[in-house]
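Quick look at query22.txt (compact mmCIF, C-alpha atoms):
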```txt
# COMPACT_ATOMS: atom_id res chain seq x y z
CA MET Z 1 -42.31 -51.37 62.43
CA ASN Z 2 -44.55 -48.34 62.77
CA ILE Z 3 -43.63 -45.40 60.50
CA LEU Z 4 -43.60 -42.84 63.33
CA LYS Z 5 -41.10 -44.91 65.28
CA GLN Z 6 -38.91 -45.30 62.19
CA SER Z 7 -38.77 -41.55 61.73
CA SER Z 8 -37.90 -40.99 65.40
CA ARG Z 9 -35.00 -43.43 65.07
CA GLU Z 10 -33.86 -41.75 61.86
CA SER Z 11 -33.79 -38.44 63.72
CA GLY Z 12 -31.59 -40.07 66.35
CA VAL Z 13 -34.18 -40.06 69.11
CA ILE Z 14 -34.34 -43.35 70.99
CA THR Z 15 -37.07 -43.64 73.61
CA VAL Z 16 -36.61 -45.79 76.70
CA LEU Z 17 -39.46 -46.66 79.05
CA ILE Z 18 -38.37 -47.17 82.67
CA VAL Z 19 -40.71 -49.27 84.83
CA GLU Z 20 -39.62 -48.98 88.46
CA ASP Z 21 -41.69 -48.56 91.62
CA THR Z 22 -38.98 -46.92 93.74
CA PRO Z 23 -38.87 -43.18 92.92
CA SER Z 24 -35.15 -42.78 93.65
CA GLU Z 25 -34.25 -45.77 91.44
CA ARG Z 26 -36.53 -44.52 88.67
CA GLU Z 27 -34.91 -41.08 88.83
CA LEU Z 28 -31.38 -42.52 88.82
CA LEU Z 29 -32.08 -44.72 85.79
CA GLY Z 30 -33.68 -41.76 84.03
CA HIS Z 31 -30.67 -39.60 84.82
CA TYR Z 32 -28.28 -42.24 83.45
CA LEU Z 33 -30.27 -42.60 80.24
CA ARG Z 34 -30.76 -38.87 79.67
CA GLN Z 35 -26.99 -38.43 80.07
CA GLY Z 36 -26.63 -41.09 77.38
CA GLY Z 37 -28.81 -39.03 75.03
CA TYR Z 38 -32.01 -41.06 75.29
CA GLN Z 39 -35.54 -39.76 75.61
CA VAL Z 40 -37.03 -41.21 78.80
CA ILE Z 41 -40.59 -41.99 79.79
CA ASP Z 42 -41.40 -43.77 83.01
CA ALA Z 43 -43.99 -45.73 84.92
CA GLU Z 44 -44.20 -46.50 88.61
CA ASN Z 45 -45.62 -50.01 88.26
CA ALA Z 46 -45.92 -52.80 85.73
CA LYS Z 47 -49.57 -52.15 84.82
CA GLU Z 48 -48.81 -48.50 84.08
CA GLY Z 49 -45.70 -49.61 82.20
CA PHE Z 50 -47.68 -51.97 80.00
CA ASP Z 51 -50.21 -49.25 79.20
CA ARG Z 52 -47.47 -46.71 78.40
CA ALA Z 53 -45.68 -49.22 76.19
CA LEU Z 54 -48.84 -49.68 74.11
CA LEU Z 55 -49.54 -45.96 73.93
CA GLN Z 56 -46.05 -44.53 73.45
CA ARG Z 57 -44.22 -47.39 71.71
CA PRO Z 58 -40.73 -47.08 73.25
CA ASP Z 59 -37.67 -48.48 71.51
CA VAL Z 60 -36.49 -50.26 74.69
CA ILE Z 61 -38.10 -51.06 78.04
CA VAL Z 62 -36.10 -51.21 81.28
CA THR Z 63 -37.93 -52.83 84.19
CA ASP Z 64 -37.45 -53.93 87.76
CA ILE Z 65 -38.87 -57.29 88.89
CA VAL Z 66 -40.27 -56.70 92.37
CA MET Z 67 -43.21 -54.31 92.15
CA PRO Z 68 -46.66 -54.22 93.72
CA GLY Z 69 -49.38 -55.95 91.74
CA MET Z 70 -47.84 -57.23 88.54
CA SER Z 71 -44.16 -58.24 88.68
CA GLY Z 72 -41.54 -57.35 86.11
CA PHE Z 73 -41.57 -61.01 85.01
CA GLU Z 74 -45.32 -60.77 84.34
CA LEU Z 75 -44.82 -57.45 82.55
CA CYS Z 76 -42.17 -58.96 80.31
CA ARG Z 77 -44.36 -61.97 79.49
CA SER Z 78 -47.36 -59.69 78.73
CA LEU Z 79 -45.27 -57.43 76.49
CA LYS Z 80 -43.93 -60.38 74.52
CA ARG Z 81 -47.43 -61.80 74.01
CA HIS Z 82 -48.89 -58.56 72.69
CA PRO Z 83 -48.40 -57.98 68.93
CA GLU Z 84 -47.75 -54.24 69.38
CA THR Z 85 -44.88 -54.77 71.85
CA ALA Z 86 -43.59 -58.26 71.10
CA GLU Z 87 -40.49 -56.97 69.30
CA VAL Z 88 -39.53 -54.30 71.84
CA PRO Z 89 -36.35 -55.33 73.70
CA VAL Z 90 -36.74 -55.61 77.47
CA VAL Z 91 -33.91 -55.10 79.94
CA ILE Z 92 -34.54 -56.41 83.43
CA CYS Z 93 -32.57 -54.53 86.11
CA SER Z 94 -32.91 -56.23 89.47
CA SER Z 95 -31.16 -56.95 92.72
CA LYS Z 96 -32.38 -60.54 92.36
CA ASP Z 97 -29.10 -62.09 91.28
CA GLN Z 98 -29.72 -65.81 91.62
CA TYR Z 99 -29.25 -68.00 88.56
CA VAL Z 100 -32.88 -69.13 88.71
CA ASP Z 101 -34.10 -65.49 88.62
CA ARG Z 102 -31.87 -64.57 85.70
CA LEU Z 103 -32.91 -67.67 83.76
CA TRP Z 104 -36.59 -67.10 84.52
CA GLY Z 105 -36.34 -63.48 83.33
CA LEU Z 106 -34.82 -64.57 80.04
CA LYS Z 107 -37.47 -67.27 79.64
CA GLN Z 108 -40.15 -64.59 80.09
CA GLY Z 109 -38.73 -62.75 77.10
CA ALA Z 110 -36.16 -60.36 78.55
CA THR Z 111 -33.38 -59.58 76.11
CA ILE Z 112 -30.87 -58.63 78.83
CA TYR Z 113 -30.88 -59.30 82.58
CA MET Z 114 -28.69 -56.91 84.59
CA THR Z 115 -28.12 -57.24 88.31
CA LYS Z 116 -27.90 -54.23 90.60
CA PRO Z 117 -25.67 -52.48 91.27
CA PHE Z 118 -24.43 -51.60 87.81
CA THR Z 119 -22.77 -48.52 86.37
CA ARG Z 120 -24.19 -45.90 84.04
CA GLU Z 121 -21.76 -47.14 81.39
CA GLU Z 122 -23.04 -50.72 81.67
CA LEU Z 123 -26.64 -49.58 81.25
CA ILE Z 124 -25.83 -47.32 78.31
CA HIS Z 125 -23.83 -50.09 76.62
CA ALA Z 126 -26.71 -52.53 77.08
CA ILE Z 127 -29.18 -50.08 75.53
CA GLN Z 128 -26.80 -49.25 72.66
CA SER Z 129 -26.40 -52.93 71.85
CA LEU Z 130 -30.18 -53.24 71.51
CA VAL Z 131 -30.85 -50.25 69.27
CA ARG Z 132 -28.09 -50.69 66.72
```
In structure tokens, what does this structure look like?
Amino acid sequence: MNILKQSSRESGVITVLIVEDTPSERELLGHYLRQGGYQVIDAENAKEGFDRALLQRPDVIVTDIVMPGMSGFELCRSLKRHPETAEVPVVICSSKDQYVDRLWGLKQGATIYMTKPFTREELIHAIQSLVR
């Protein structure tokens, strides 16, 4: 693990990258996470999310699936294949609630697959379980 990221964790600062194309959803997720004490960075599409993940090295990535261009599934697969981001936990948050979607998300490397709607507490608990 990179030394800068270790020191940010030691100081209690956990950074979460939100990748969501809908501004209101992105803002709501950011609000939930800031209330939970997390530092939040965001991206409005998967390509931007991938670039931010490489540049800013978040502790956790939260992504939607359905986005223009690259999907959240493709983002997850790309993150897991890249040596700089392969170990970063990914939480998929999607309204796609079919078994096949959840299974496919996990097969692409997602650590957790949450279906919308969910509560702030559920999201915070999921993030906490990943950064312990």
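Closest approach to Pro83 (chain Z) from the set Z:Gln128, Z:Arg57, Z:Ser95, Z:Thr115 is made by Z:Arg57, with distances taken over only C-alpha atoms.
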Next item on the list: Kindly provide, as a PyMOL selection string, the polymer residues lying within 12 Å of (-34.1, -66.1, 83.2), counting only C-alpha atoms and using the coordinates exactly as they appear in the file.
Entry: chain Z and resi 65+72-73+76-77+91-92+94+96-115
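Of the residues under consideration (Z:Leu28, Z:Ala53, Z:Met67, Z:Ala86), Z:Leu28 shows the shortest atom-to-atom contact distance to Leu123 (chain Z) when counting all atoms listed in the file.
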Notebook entry, point to check: From the list Z:Ile41, Z:Leu55, Z:Leu29, Z:Ile14, which residue is nearest Thr85 (chain Z) when using all atoms listed in the file?
Noted result: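 Closest residue, counting all atoms listed in the file: Z:Leu55.
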Next item on the list: Enter the distance from CA of Gln56 (chain Z) to CA of Tyr38 (chain Z), in Å, rounded to one decimal.
Entry: 14.6 Å
